[in-house]
Amino acid sequence: MRAPVNKIIPFSNVDGPGNRTSIFFQGCPFNCLFCHNPETIHLCRGCGLCVESCPAGALTLEGGQVRWDSAKCVQCDTCIKRCPHDASPKIRWMTVEEVLSEVRRAAPYIEGITTSGGECTLQNEFLIPLFTAVHALGKTCLIDSNGSFDFEKDPRVLQVSEGVMLDVKAVEPGWSDTLISHPRDMVLKNLEYLLRVGKLYEVRTVIFPGRDRENEETVRYVAEHIGDGCFYKIIRYRPFGVRERYQKLLGEDETDRYYAERYAALARERGAKRACVV
Ligand code: SF4
Ligand code: SF4
């Protein structure tokens, strides 16, 4: 069994508690307007458009598939900018053992791993043996998820993980359709389920400038549901890295810190005692 891995960061202190190895999988069922890593959304289609753009000769097209030579790559990201399909040629199809060997190298210095993406739950069957093996090393496993996976229907991955860091991006259906190009029903179902089974580690909501009604509706809903049950991160929208066509829709300014603090205060007032702006 192999899974498409976009990158592995051996040491991260922003992906959960303590120092962690973060594993980013390729592929996501959402298409969020504010995505900062749109090259992780789709798998490569093998169109070959990026091959000629590579200044280092690190890409070749063989039998309709792009081959990436990591030894030649200078990480200039020209290929990412060239790709019109929100994909990347720089991924590795890795086995559990290959991922695990990178985790083992970092093991003396980390508290655990966090799997992210893209959307890591698309690789559910891969995560289960990976987490089982990481637990055997005495390390913790967290899932960073957009909430599209039905954890209640298939809770196996939860049984080998410490919990989920869940994005709740939108509550109002129209805003959800616009913002994440997806209905939000499964996300909200997961919010309640994960809370109920004690597997919700943290919820995150991005606050957009000038979207008073949408921001308030989402924050109020989340806060009233989670109460003191988990952390609540209020994240400021930052346009850097967002696809240009969507920057026009969302605005070209980042969310003011004081504006975001208003929503953290609202969340705490509605019961989410561990709400803060990051
Ligand atoms: S980042 Fe892409 S374009 Fe740049 S050297 Fe690597 S493969 Fe080539
Ligand atoms: S990464 Fe994008 S541009 Fe390159 S071959 Fe794949 S789909 Fe085409």
# chains A, B, ... in the order shown; residues from 1 in each chain; ligands from 1
call {"tool": "residues_near_ligand", "arguments": {"ligand": "ligand 2", "cutoff": "9 Å", "atoms": "only C-alpha atoms and all ligand atoms", "output": "list of chain:residue names"}}
result
A:Glu39, A:His42, A:Leu43, A:Cys44, A:Arg45, A:Gly46, A:Cys47, A:Gly48, A:Leu49, A:Cys50, A:Val51, A:Leu59, A:Leu61, A:Gly64, A:Gln65, A:Val66, A:Cys79, A:Ile80, A:Lys81, A:Arg82, A:Cys83, A:Pro84, A:His85, A:Asp86, A:Ala87, A:Ser88, A:Pro89, A:Lys90
call {"tool": "closest_atom_pairs", "arguments": {"of": "chain A", "to": "ligand 1", "cutoff": "6 Å", "atoms": "only C-alpha atoms and all ligand atoms", "output": "CSV"}}
result
residue,atom,partner,partner_atom_place_in_ligand_line,distance
A:Cys54,CA,ligand 1,3 (S),3.7
A:Pro55,CA,ligand 1,8 (Fe),5.8
A:Ala56,CA,ligand 1,5 (S),4.9
A:Ala58,CA,ligand 1,7 (S),5.0
A:Leu59,CA,ligand 1,7 (S),5.6
A:Cys73,CA,ligand 1,6 (Fe),3.7
A:Val74,CA,ligand 1,5 (S),4.3
A:Gln75,CA,ligand 1,1 (S),3.7
A:Cys76,CA,ligand 1,4 (Fe),3.9
A:Asp77,CA,ligand 1,1 (S),3.7
A:Thr78,CA,ligand 1,3 (S),4.2
A:Cys79,CA,ligand 1,3 (S),4.1
call {"tool": "atom_distance", "arguments": {"atom1": "CA of Asn215 in chain A", "atom2": "CA of Trp175 in chain A"}}
result
10.0 Å
call {"tool": "closest_atom_pairs", "arguments": {"of": "range 3-112 of chain A", "to": "range 116-136 of chain A", "cutoff": "12 Å", "atoms": "only C-alpha atoms", "output": "tab-separated table"}}
result
residue	atom	partner	partner_atom	distance
A:Ala3	CA	A:Gln123	CA	6.7
A:Pro4	CA	A:Gln123	CA	8.6
A:Val5	CA	A:Gly117	CA	8.5
A:Asn6	CA	A:Gly117	CA	7.7
A:Lys7	CA	A:Gly117	CA	9.0
A:Ile8	CA	A:Ser116	CA	9.8
A:Ile9	CA	A:Ser116	CA	10.9
A:Asp15	CA	A:Ser116	CA	8.9
A:Gly16	CA	A:Ser116	CA	11.2
A:Arg20	CA	A:Val134	CA	12.0
A:Thr21	CA	A:Ser116	CA	10.6
A:Ser22	CA	A:Ser116	CA	7.0
A:Ile23	CA	A:Ser116	CA	5.9
A:Phe24	CA	A:Gly117	CA	4.3
A:Phe25	CA	A:Gly117	CA	4.5
A:Gln26	CA	A:Gly118	CA	5.1
A:Gly27	CA	A:Gly118	CA	4.8
A:Cys28	CA	A:Gly118	CA	4.6
A:Pro29	CA	A:Glu119	CA	7.3
A:Phe30	CA	A:Glu119	CA	8.5
A:Asn31	CA	A:Gly118	CA	9.9
A:Cys32	CA	A:Gly118	CA	10.8
A:Cys35	CA	A:Gly118	CA	9.7
A:His36	CA	A:Gly118	CA	10.6
A:Asn37	CA	A:Gly118	CA	8.0
A:Pro38	CA	A:Gly118	CA	8.4
A:Glu39	CA	A:Gly118	CA	8.7
A:Thr40	CA	A:Gly118	CA	5.1
A:Ile41	CA	A:Gly118	CA	5.7
A:His42	CA	A:Gly118	CA	8.4
A:Leu43	CA	A:Gly118	CA	10.2
A:Asp86	CA	A:Gly118	CA	11.0
A:Ala87	CA	A:Gly118	CA	10.5
A:Ser88	CA	A:Gly118	CA	11.5
A:Ile91	CA	A:Gly117	CA	11.9
A:Trp93	CA	A:Phe126	CA	11.6
A:Met94	CA	A:Phe126	CA	10.0
A:Thr95	CA	A:Phe126	CA	8.4
A:Val96	CA	A:Leu130	CA	5.7
A:Glu97	CA	A:Leu130	CA	8.0
A:Glu98	CA	A:Leu130	CA	10.1
A:Val99	CA	A:Leu130	CA	8.0
A:Leu100	CA	A:Leu130	CA	7.0
A:Ser101	CA	A:Val134	CA	10.3
A:Glu102	CA	A:Val134	CA	11.1
A:Val103	CA	A:Val134	CA	7.9
A:Arg104	CA	A:Val134	CA	8.6
A:Ala106	CA	A:Val134	CA	11.6
A:Ala107	CA	A:Val134	CA	9.3
A:Ile110	CA	A:Val134	CA	11.3
A:Glu111	CA	A:Val134	CA	10.6
A:Gly112	CA	A:Val134	CA	7.8
call {"tool": "closest_residue", "arguments": {"among": "A:Lys189, A:Tyr201, A:Tyr258, A:Ala264", "to": "Leu158 in chain A", "atoms": "only C-alpha atoms"}}
result
A:Tyr201
call {"tool": "select_by_dssp", "arguments": {"residues": "range 42-276 of chain A", "states": "strand (DSSP E or B)", "output": "MDAnalysis selection string"}}
result
chainID A and resid 59:62 65:68 92:95 112:116 140:145 163:167 200:207 231:236 275:276
call {"tool": "residues_around", "arguments": {"residues": "Arg236 in chain A", "least_positions_apart": "5", "cutoff": "12 Å", "atoms": "only C-alpha atoms", "output": "ChimeraX atom specification"}}
result
/A:34,204-209,215,253-264,276-278
call {"tool": "atom_distance", "arguments": {"atom1": "CA of Cys230 in chain A", "atom2": "CA of Gly138 in chain A"}}
result
23.3 Å
call {"tool": "select_by_dssp", "arguments": {"residues": "range 71-101 of chain A", "states": "helix (DSSP H, G or I)", "output": "list in words"}}
result
Thr78, Cys79, Ile80, Lys81, Arg82, Val96, Glu97, Glu98, Val99, Leu100 and Ser101 of chain A
call {"tool": "write_last_selection", "arguments": {"atoms": "all heavy atoms", "output": "short mmCIF file (atom, residue, chain, number, x, y, z; two decimals), in the first residue's frame"}}
result
data_model
loop_
_atom_site.label_atom_id
_atom_site.label_comp_id
_atom_site.auth_asym_id
_atom_site.auth_seq_id
_atom_site.Cartn_x
_atom_site.Cartn_y
_atom_site.Cartn_z
N THR A 78 8.75 26.71 -9.48
CA THR A 78 8.28 27.15 -10.80
C THR A 78 7.21 26.19 -11.33
O THR A 78 6.21 26.60 -11.91
CB THR A 78 9.46 27.20 -11.79
OG1 THR A 78 10.47 28.03 -11.23
CG2 THR A 78 9.05 27.77 -13.14
N CYS A 79 7.41 24.91 -11.10
CA CYS A 79 6.45 23.89 -11.58
C CYS A 79 5.07 24.08 -10.93
O CYS A 79 4.04 23.91 -11.58
CB CYS A 79 6.97 22.49 -11.31
SG CYS A 79 7.46 22.21 -9.60
N ILE A 80 5.07 24.44 -9.65
CA ILE A 80 3.81 24.63 -8.93
C ILE A 80 3.05 25.82 -9.53
O ILE A 80 1.84 25.75 -9.74
CB ILE A 80 4.09 24.91 -7.42
CG1 ILE A 80 4.95 23.81 -6.81
CG2 ILE A 80 2.81 25.16 -6.65
CD1 ILE A 80 4.26 22.57 -6.42
N LYS A 81 3.80 26.87 -9.81
CA LYS A 81 3.17 28.07 -10.40
C LYS A 81 2.66 27.77 -11.80
O LYS A 81 1.65 28.33 -12.23
CB LYS A 81 4.17 29.24 -10.44
CG LYS A 81 4.49 29.78 -9.04
CD LYS A 81 5.51 30.92 -9.09
CE LYS A 81 6.14 31.12 -7.72
NZ LYS A 81 7.58 30.87 -7.70
N ARG A 82 3.36 26.88 -12.51
CA ARG A 82 2.97 26.58 -13.89
C ARG A 82 1.75 25.68 -13.97
O ARG A 82 0.99 25.72 -14.94
CB ARG A 82 4.17 25.89 -14.60
CG ARG A 82 3.91 25.52 -16.05
CD ARG A 82 3.80 26.77 -16.91
NE ARG A 82 3.39 26.50 -18.27
CZ ARG A 82 2.13 26.44 -18.69
NH1 ARG A 82 1.13 26.63 -17.83
NH2 ARG A 82 1.85 26.22 -19.96
N VAL A 96 4.00 2.69 4.16
CA VAL A 96 3.96 3.00 5.60
C VAL A 96 5.38 2.91 6.16
O VAL A 96 5.82 3.77 6.93
CB VAL A 96 3.02 2.01 6.33
CG1 VAL A 96 3.14 2.17 7.83
CG2 VAL A 96 1.56 2.24 5.89
N GLU A 97 6.12 1.90 5.76
CA GLU A 97 7.47 1.71 6.29
C GLU A 97 8.37 2.87 5.90
O GLU A 97 9.21 3.31 6.71
CB GLU A 97 8.02 0.37 5.78
CG GLU A 97 9.33 -0.05 6.39
CD GLU A 97 9.40 0.07 7.92
OE1 GLU A 97 8.44 -0.31 8.59
OE2 GLU A 97 10.42 0.58 8.43
N GLU A 98 8.20 3.42 4.70
CA GLU A 98 9.03 4.55 4.28
C GLU A 98 8.73 5.80 5.11
O GLU A 98 9.63 6.54 5.52
CB GLU A 98 8.83 4.83 2.78
CG GLU A 98 9.54 3.81 1.90
CD GLU A 98 9.11 3.85 0.44
OE1 GLU A 98 8.06 4.48 0.12
OE2 GLU A 98 9.80 3.22 -0.39
N VAL A 99 7.44 6.04 5.36
CA VAL A 99 7.08 7.20 6.20
C VAL A 99 7.61 6.98 7.61
O VAL A 99 8.18 7.88 8.25
CB VAL A 99 5.54 7.41 6.22
CG1 VAL A 99 5.17 8.52 7.20
CG2 VAL A 99 5.03 7.75 4.82
N LEU A 100 7.43 5.76 8.07
CA LEU A 100 7.85 5.42 9.43
C LEU A 100 9.36 5.60 9.62
O LEU A 100 9.80 6.03 10.69
CB LEU A 100 7.46 3.95 9.68
CG LEU A 100 7.26 3.52 11.11
CD1 LEU A 100 6.32 4.43 11.86
CD2 LEU A 100 6.71 2.08 11.12
N SER A 101 10.12 5.32 8.60
CA SER A 101 11.57 5.45 8.76
C SER A 101 11.94 6.92 8.96
O SER A 101 12.87 7.24 9.69
CB SER A 101 12.32 4.81 7.61
OG SER A 101 12.29 5.64 6.50
#
call {"tool": "residues_around", "arguments": {"residues": "Ala272 in chain A", "least_positions_apart": "4", "cutoff": "8 Å", "atoms": "only C-alpha atoms", "output": "PyMOL selection string"}}
result
chain A and resi 223-224+226-232+267-268
call {"tool": "write_last_selection", "arguments": {"atoms": "all heavy atoms", "output": "mmCIF file, in the first residue's frame"}}
result
data_model
loop_
_atom_site.group_PDB
_atom_site.id
_atom_site.type_symbol
_atom_site.label_atom_id
_atom_site.label_comp_id
_atom_site.auth_asym_id
_atom_site.auth_seq_id
_atom_site.Cartn_x
_atom_site.Cartn_y
_atom_site.Cartn_z
ATOM 1 N N ALA A 223 -18.596 27.797 19.295
ATOM 2 C CA ALA A 223 -18.388 28.046 20.729
ATOM 3 C C ALA A 223 -19.495 27.418 21.560
ATOM 4 O O ALA A 223 -19.240 26.808 22.603
ATOM 5 C CB ALA A 223 -18.306 29.552 20.975
ATOM 6 N N GLU A 224 -20.728 27.559 21.096
ATOM 7 C CA GLU A 224 -21.851 27.015 21.874
ATOM 8 C C GLU A 224 -21.828 25.490 21.882
ATOM 9 O O GLU A 224 -22.341 24.873 22.796
ATOM 10 C CB GLU A 224 -23.174 27.562 21.328
ATOM 11 C CG GLU A 224 -23.331 29.041 21.694
ATOM 12 C CD GLU A 224 -24.552 29.699 21.069
ATOM 13 O OE1 GLU A 224 -25.266 29.029 20.287
ATOM 14 O OE2 GLU A 224 -24.770 30.896 21.357
ATOM 15 N N ILE A 226 -18.789 23.516 21.497
ATOM 16 C CA ILE A 226 -17.607 22.919 22.144
ATOM 17 C C ILE A 226 -17.483 23.299 23.609
ATOM 18 O O ILE A 226 -16.906 22.552 24.394
ATOM 19 C CB ILE A 226 -16.284 23.258 21.407
ATOM 20 C CG1 ILE A 226 -15.963 24.747 21.463
ATOM 21 C CG2 ILE A 226 -16.324 22.747 19.981
ATOM 22 C CD1 ILE A 226 -14.598 25.090 20.854
ATOM 23 N N GLY A 227 -18.005 24.462 23.992
ATOM 24 C CA GLY A 227 -17.840 24.896 25.378
ATOM 25 C C GLY A 227 -16.372 24.809 25.769
ATOM 26 O O GLY A 227 -15.494 25.252 25.029
ATOM 27 N N ASP A 228 -16.101 24.189 26.908
ATOM 28 C CA ASP A 228 -14.710 24.064 27.361
ATOM 29 C C ASP A 228 -14.105 22.721 26.929
ATOM 30 O O ASP A 228 -13.097 22.276 27.473
ATOM 31 C CB ASP A 228 -14.671 24.202 28.894
ATOM 32 C CG ASP A 228 -13.283 24.603 29.375
ATOM 33 O OD1 ASP A 228 -12.488 25.089 28.543
ATOM 34 O OD2 ASP A 228 -12.993 24.405 30.570
ATOM 35 N N GLY A 229 -14.746 22.086 25.941
ATOM 36 C CA GLY A 229 -14.336 20.723 25.567
ATOM 37 C C GLY A 229 -13.059 20.606 24.774
ATOM 38 O O GLY A 229 -12.485 19.522 24.670
ATOM 39 N N CYS A 230 -12.589 21.703 24.166
ATOM 40 C CA CYS A 230 -11.331 21.635 23.404
ATOM 41 C C CYS A 230 -10.832 23.046 23.134
ATOM 42 O O CYS A 230 -11.508 24.021 23.461
ATOM 43 C CB CYS A 230 -11.547 20.892 22.076
ATOM 44 S SG CYS A 230 -12.542 21.795 20.888
ATOM 45 N N PHE A 231 -9.657 23.137 22.531
ATOM 46 C CA PHE A 231 -9.121 24.445 22.139
ATOM 47 C C PHE A 231 -9.927 24.983 20.955
ATOM 48 O O PHE A 231 -10.451 24.207 20.148
ATOM 49 C CB PHE A 231 -7.650 24.323 21.712
ATOM 50 C CG PHE A 231 -6.740 23.902 22.825
ATOM 51 C CD1 PHE A 231 -6.264 22.603 22.893
ATOM 52 C CD2 PHE A 231 -6.357 24.807 23.809
ATOM 53 C CE1 PHE A 231 -5.418 22.208 23.917
ATOM 54 C CE2 PHE A 231 -5.511 24.419 24.845
ATOM 55 C CZ PHE A 231 -5.047 23.112 24.896
ATOM 56 N N TYR A 232 -9.978 26.300 20.846
ATOM 57 C CA TYR A 232 -10.616 26.920 19.686
ATOM 58 C C TYR A 232 -9.680 28.000 19.157
ATOM 59 O O TYR A 232 -9.476 29.027 19.810
ATOM 60 C CB TYR A 232 -11.974 27.516 20.082
ATOM 61 C CG TYR A 232 -12.809 27.985 18.896
ATOM 62 C CD1 TYR A 232 -12.533 27.572 17.594
ATOM 63 C CD2 TYR A 232 -13.897 28.836 19.082
ATOM 64 C CE1 TYR A 232 -13.297 27.981 16.525
ATOM 65 C CE2 TYR A 232 -14.681 29.254 18.007
ATOM 66 C CZ TYR A 232 -14.362 28.832 16.730
ATOM 67 O OH TYR A 232 -15.120 29.249 15.659
ATOM 68 N N ALA A 267 -16.390 34.092 21.355
ATOM 69 C CA ALA A 267 -16.336 32.643 21.593
ATOM 70 C C ALA A 267 -16.239 32.346 23.082
ATOM 71 O O ALA A 267 -16.930 31.454 23.590
ATOM 72 C CB ALA A 267 -15.139 32.047 20.847
ATOM 73 N N ARG A 268 -15.390 33.083 23.776
ATOM 74 C CA ARG A 268 -15.239 32.843 25.228
ATOM 75 C C ARG A 268 -16.534 33.169 25.953
ATOM 76 O O ARG A 268 -16.973 32.443 26.849
ATOM 77 C CB ARG A 268 -14.059 33.658 25.781
ATOM 78 C CG ARG A 268 -12.698 33.145 25.310
ATOM 79 C CD ARG A 268 -11.557 33.792 26.082
ATOM 80 N NE ARG A 268 -11.405 35.202 25.772
ATOM 81 C CZ ARG A 268 -10.650 35.703 24.791
ATOM 82 N NH1 ARG A 268 -9.951 34.888 24.022
ATOM 83 N NH2 ARG A 268 -10.574 37.000 24.590
#
call {"tool": "atom_distance", "arguments": {"atom1": "CA of Asn19 in chain A", "atom2": "CA of Lys139 in chain A"}}
result
11.0 Å
call {"tool": "residues_around", "arguments": {"residues": "Gln159 in chain A", "least_positions_apart": "2", "cutoff": "10 Å", "atoms": "only C-alpha atoms", "output": "list in words"}}
result
Ile128, Phe131, Thr132, Pro155, Arg156, Val157, Ser161, Glu162, Gly163 and Lys199 of chain A
call {"tool": "write_last_selection", "arguments": {"atoms": "N, CA, C and O atoms", "output": "mmCIF file, in the first residue's frame"}}
result
data_model
loop_
_atom_site.group_PDB
_atom_site.id
_atom_site.type_symbol
_atom_site.label_atom_id
_atom_site.label_comp_id
_atom_site.auth_asym_id
_atom_site.auth_seq_id
_atom_site.Cartn_x
_atom_site.Cartn_y
_atom_site.Cartn_z
ATOM 1 N N ILE A 128 -4.157 4.025 9.418
ATOM 2 C CA ILE A 128 -4.378 3.058 10.503
ATOM 3 C C ILE A 128 -3.085 2.283 10.833
ATOM 4 O O ILE A 128 -2.636 2.313 11.985
ATOM 5 N N PHE A 131 -0.374 4.886 12.216
ATOM 6 C CA PHE A 131 -0.587 5.314 13.602
ATOM 7 C C PHE A 131 -0.280 4.168 14.579
ATOM 8 O O PHE A 131 0.279 4.388 15.652
ATOM 9 N N THR A 132 -0.672 2.970 14.196
ATOM 10 C CA THR A 132 -0.414 1.819 15.073
ATOM 11 C C THR A 132 1.090 1.687 15.309
ATOM 12 O O THR A 132 1.547 1.484 16.438
ATOM 13 N N PRO A 155 -14.851 4.497 12.630
ATOM 14 C CA PRO A 155 -14.016 5.113 13.684
ATOM 15 C C PRO A 155 -12.653 4.448 13.884
ATOM 16 O O PRO A 155 -11.945 4.765 14.829
ATOM 17 N N ARG A 156 -12.248 3.537 12.991
ATOM 18 C CA ARG A 156 -11.006 2.780 13.231
ATOM 19 C C ARG A 156 -9.787 3.682 13.415
ATOM 20 O O ARG A 156 -8.960 3.440 14.281
ATOM 21 N N VAL A 157 -9.701 4.738 12.616
ATOM 22 C CA VAL A 157 -8.513 5.586 12.712
ATOM 23 C C VAL A 157 -8.480 6.346 14.039
ATOM 24 O O VAL A 157 -7.418 6.618 14.590
ATOM 25 N N SER A 161 -5.616 6.978 17.360
ATOM 26 C CA SER A 161 -5.132 8.359 17.351
ATOM 27 C C SER A 161 -5.591 9.076 18.618
ATOM 28 O O SER A 161 -6.566 8.667 19.256
ATOM 29 N N GLU A 162 -4.868 10.133 18.964
ATOM 30 C CA GLU A 162 -5.225 10.893 20.170
ATOM 31 C C GLU A 162 -6.371 11.862 19.892
ATOM 32 O O GLU A 162 -7.053 12.282 20.820
ATOM 33 N N GLY A 163 -6.572 12.245 18.637
ATOM 34 C CA GLY A 163 -7.675 13.141 18.360
ATOM 35 C C GLY A 163 -7.538 13.888 17.047
ATOM 36 O O GLY A 163 -6.592 13.673 16.282
ATOM 37 N N LYS A 199 -12.645 12.940 21.248
ATOM 38 C CA LYS A 199 -11.538 12.924 20.290
ATOM 39 C C LYS A 199 -11.381 14.255 19.545
ATOM 40 O O LYS A 199 -10.776 14.296 18.469
#
call {"tool": "residues_around", "arguments": {"residues": "Gly251 in chain A", "least_positions_apart": "6", "cutoff": "12 Å", "atoms": "only C-alpha atoms", "output": "VMD selection string"}}
result
chain A and resid 33 to 34 208 to 211 237 to 240 242 to 245
call {"tool": "write_last_selection", "arguments": {"atoms": "all heavy atoms", "output": "short mmCIF file (atom, residue, chain, number, x, y, z; two decimals), in the first residue's frame"}}
result
data_model
loop_
_atom_site.label_atom_id
_atom_site.label_comp_id
_atom_site.auth_asym_id
_atom_site.auth_seq_id
_atom_site.Cartn_x
_atom_site.Cartn_y
_atom_site.Cartn_z
N LEU A 33 -11.60 28.63 -0.97
CA LEU A 33 -11.13 29.83 -1.66
C LEU A 33 -9.84 30.35 -1.06
O LEU A 33 -8.99 30.88 -1.75
CB LEU A 33 -12.20 30.94 -1.56
CG LEU A 33 -13.58 30.67 -2.16
CD1 LEU A 33 -14.40 31.95 -2.15
CD2 LEU A 33 -13.46 30.13 -3.57
N PHE A 34 -9.68 30.17 0.25
CA PHE A 34 -8.53 30.78 0.93
C PHE A 34 -7.37 29.80 1.11
O PHE A 34 -6.44 30.08 1.86
CB PHE A 34 -8.95 31.34 2.29
CG PHE A 34 -9.51 30.30 3.22
CD1 PHE A 34 -8.71 29.70 4.16
CD2 PHE A 34 -10.84 29.95 3.15
CE1 PHE A 34 -9.22 28.74 5.02
CE2 PHE A 34 -11.36 28.98 4.00
CZ PHE A 34 -10.55 28.38 4.92
N PHE A 208 -12.69 36.36 8.29
CA PHE A 208 -12.45 37.16 7.08
C PHE A 208 -12.82 38.62 7.31
O PHE A 208 -13.84 38.90 7.96
CB PHE A 208 -13.28 36.59 5.91
CG PHE A 208 -12.86 35.20 5.57
CD1 PHE A 208 -13.49 34.10 6.16
CD2 PHE A 208 -11.80 34.98 4.69
CE1 PHE A 208 -13.07 32.81 5.87
CE2 PHE A 208 -11.39 33.69 4.41
CZ PHE A 208 -12.02 32.61 4.99
N PRO A 209 -12.04 39.55 6.75
CA PRO A 209 -12.35 40.96 6.95
C PRO A 209 -13.70 41.32 6.32
O PRO A 209 -14.00 40.88 5.21
CB PRO A 209 -11.20 41.70 6.24
CG PRO A 209 -10.49 40.70 5.43
CD PRO A 209 -10.85 39.33 5.92
N GLY A 210 -14.49 42.07 7.06
CA GLY A 210 -15.76 42.58 6.52
C GLY A 210 -16.88 41.56 6.43
O GLY A 210 -17.97 41.88 5.96
N ARG A 211 -16.66 40.34 6.85
CA ARG A 211 -17.70 39.30 6.78
C ARG A 211 -18.32 39.12 8.16
O ARG A 211 -18.33 38.01 8.72
CB ARG A 211 -17.08 37.98 6.32
CG ARG A 211 -16.57 38.01 4.91
CD ARG A 211 -17.69 37.73 3.93
NE ARG A 211 -17.22 37.78 2.58
CZ ARG A 211 -17.99 37.54 1.53
NH1 ARG A 211 -19.27 37.25 1.70
NH2 ARG A 211 -17.52 37.62 0.32
N TYR A 237 -7.46 35.65 8.45
CA TYR A 237 -7.27 35.43 7.01
C TYR A 237 -6.04 36.21 6.55
O TYR A 237 -5.87 37.38 6.91
CB TYR A 237 -8.50 35.90 6.24
CG TYR A 237 -8.27 36.03 4.75
CD1 TYR A 237 -8.11 34.91 3.95
CD2 TYR A 237 -8.20 37.30 4.15
CE1 TYR A 237 -7.89 35.04 2.59
CE2 TYR A 237 -7.98 37.43 2.79
CZ TYR A 237 -7.82 36.29 2.01
OH TYR A 237 -7.59 36.42 0.67
N ARG A 238 -5.18 35.52 5.80
CA ARG A 238 -4.01 36.18 5.22
C ARG A 238 -3.99 35.85 3.73
O ARG A 238 -4.02 34.67 3.35
CB ARG A 238 -2.73 35.68 5.88
CG ARG A 238 -2.64 36.08 7.35
CD ARG A 238 -1.51 35.36 8.06
NE ARG A 238 -1.36 35.79 9.44
CZ ARG A 238 -1.92 35.19 10.48
NH1 ARG A 238 -2.70 34.13 10.31
NH2 ARG A 238 -1.72 35.64 11.70
N PRO A 239 -3.97 36.87 2.87
CA PRO A 239 -4.09 36.61 1.42
C PRO A 239 -2.84 35.99 0.80
O PRO A 239 -2.91 35.43 -0.30
CB PRO A 239 -4.36 37.99 0.81
CG PRO A 239 -3.95 38.97 1.83
CD PRO A 239 -3.98 38.31 3.17
N PHE A 240 -1.70 36.05 1.51
CA PHE A 240 -0.46 35.54 0.92
C PHE A 240 -0.61 34.05 0.56
O PHE A 240 -1.00 33.24 1.39
CB PHE A 240 0.70 35.71 1.91
CG PHE A 240 2.01 35.24 1.35
CD1 PHE A 240 2.69 36.00 0.41
CD2 PHE A 240 2.55 34.02 1.73
CE1 PHE A 240 3.88 35.55 -0.14
CE2 PHE A 240 3.76 33.57 1.19
CZ PHE A 240 4.42 34.35 0.26
N VAL A 242 -2.77 32.76 -1.45
CA VAL A 242 -4.11 32.46 -1.95
C VAL A 242 -4.15 32.72 -3.46
O VAL A 242 -3.55 33.69 -3.95
CB VAL A 242 -5.16 33.34 -1.23
CG1 VAL A 242 -6.55 33.20 -1.85
CG2 VAL A 242 -5.20 32.99 0.26
N ARG A 243 -4.82 31.85 -4.20
CA ARG A 243 -4.90 32.02 -5.65
C ARG A 243 -5.49 33.39 -5.99
O ARG A 243 -6.49 33.79 -5.39
CB ARG A 243 -5.75 30.89 -6.26
CG ARG A 243 -5.04 29.55 -6.25
CD ARG A 243 -5.98 28.40 -6.45
NE ARG A 243 -6.79 28.18 -5.27
CZ ARG A 243 -7.65 27.17 -5.11
NH1 ARG A 243 -7.81 26.31 -6.09
NH2 ARG A 243 -8.35 27.04 -4.00
N GLU A 244 -4.86 34.06 -6.98
CA GLU A 244 -5.22 35.45 -7.27
C GLU A 244 -6.70 35.66 -7.52
O GLU A 244 -7.31 36.61 -7.06
CB GLU A 244 -4.44 35.93 -8.49
CG GLU A 244 -3.24 36.77 -8.10
CD GLU A 244 -2.43 37.17 -9.31
OE1 GLU A 244 -3.04 37.60 -10.31
OE2 GLU A 244 -1.19 37.03 -9.23
N ARG A 245 -7.30 34.72 -8.27
CA ARG A 245 -8.71 34.90 -8.64
C ARG A 245 -9.60 34.90 -7.39
O ARG A 245 -10.66 35.50 -7.38
CB ARG A 245 -9.16 33.84 -9.63
CG ARG A 245 -9.04 32.39 -9.16
CD ARG A 245 -9.31 31.44 -10.33
NE ARG A 245 -9.29 30.04 -9.99
CZ ARG A 245 -8.18 29.30 -9.89
NH1 ARG A 245 -7.00 29.89 -10.05
NH2 ARG A 245 -8.25 28.02 -9.60
#
call {"tool": "decode", "arguments": {"residues": "range 240-248 of chain A", "atoms": "N, CA and C atoms", "output": "PDB file, in the first residue's frame"}}
result
ATOM      1  N   PHE A 240      -1.705  36.054   1.506  1.00  0.00           N
ATOM      2  CA  PHE A 240      -0.460  35.539   0.919  1.00  0.00           C
ATOM      3  C   PHE A 240      -0.606  34.051   0.557  1.00  0.00           C
ATOM      4  N   GLY A 241      -0.321  33.714  -0.682  1.00  0.00           N
ATOM      5  CA  GLY A 241      -0.388  32.314  -1.121  1.00  0.00           C
ATOM      6  C   GLY A 241      -1.753  31.912  -1.663  1.00  0.00           C
ATOM      7  N   VAL A 242      -2.767  32.762  -1.451  1.00  0.00           N
ATOM      8  CA  VAL A 242      -4.114  32.458  -1.953  1.00  0.00           C
ATOM      9  C   VAL A 242      -4.148  32.718  -3.463  1.00  0.00           C
ATOM     10  N   ARG A 243      -4.822  31.848  -4.200  1.00  0.00           N
ATOM     11  CA  ARG A 243      -4.903  32.023  -5.651  1.00  0.00           C
ATOM     12  C   ARG A 243      -5.493  33.393  -5.994  1.00  0.00           C
ATOM     13  N   GLU A 244      -4.864  34.056  -6.982  1.00  0.00           N
ATOM     14  CA  GLU A 244      -5.219  35.449  -7.273  1.00  0.00           C
ATOM     15  C   GLU A 244      -6.702  35.657  -7.524  1.00  0.00           C
ATOM     16  N   ARG A 245      -7.298  34.719  -8.274  1.00  0.00           N
ATOM     17  CA  ARG A 245      -8.710  34.895  -8.636  1.00  0.00           C
ATOM     18  C   ARG A 245      -9.597  34.895  -7.389  1.00  0.00           C
ATOM     19  N   TYR A 246      -9.165  34.233  -6.338  1.00  0.00           N
ATOM     20  CA  TYR A 246      -9.969  34.189  -5.113  1.00  0.00           C
ATOM     21  C   TYR A 246      -9.637  35.340  -4.165  1.00  0.00           C
ATOM     22  N   GLN A 247      -8.427  35.879  -4.302  1.00  0.00           N
ATOM     23  CA  GLN A 247      -8.093  37.058  -3.497  1.00  0.00           C
ATOM     24  C   GLN A 247      -9.072  38.185  -3.799  1.00  0.00           C
ATOM     25  N   LYS A 248      -9.487  38.259  -5.065  1.00  0.00           N
ATOM     26  CA  LYS A 248     -10.418  39.323  -5.442  1.00  0.00           C
ATOM     27  C   LYS A 248     -11.743  39.159  -4.708  1.00  0.00           C
TER      28      LYS A 248
END
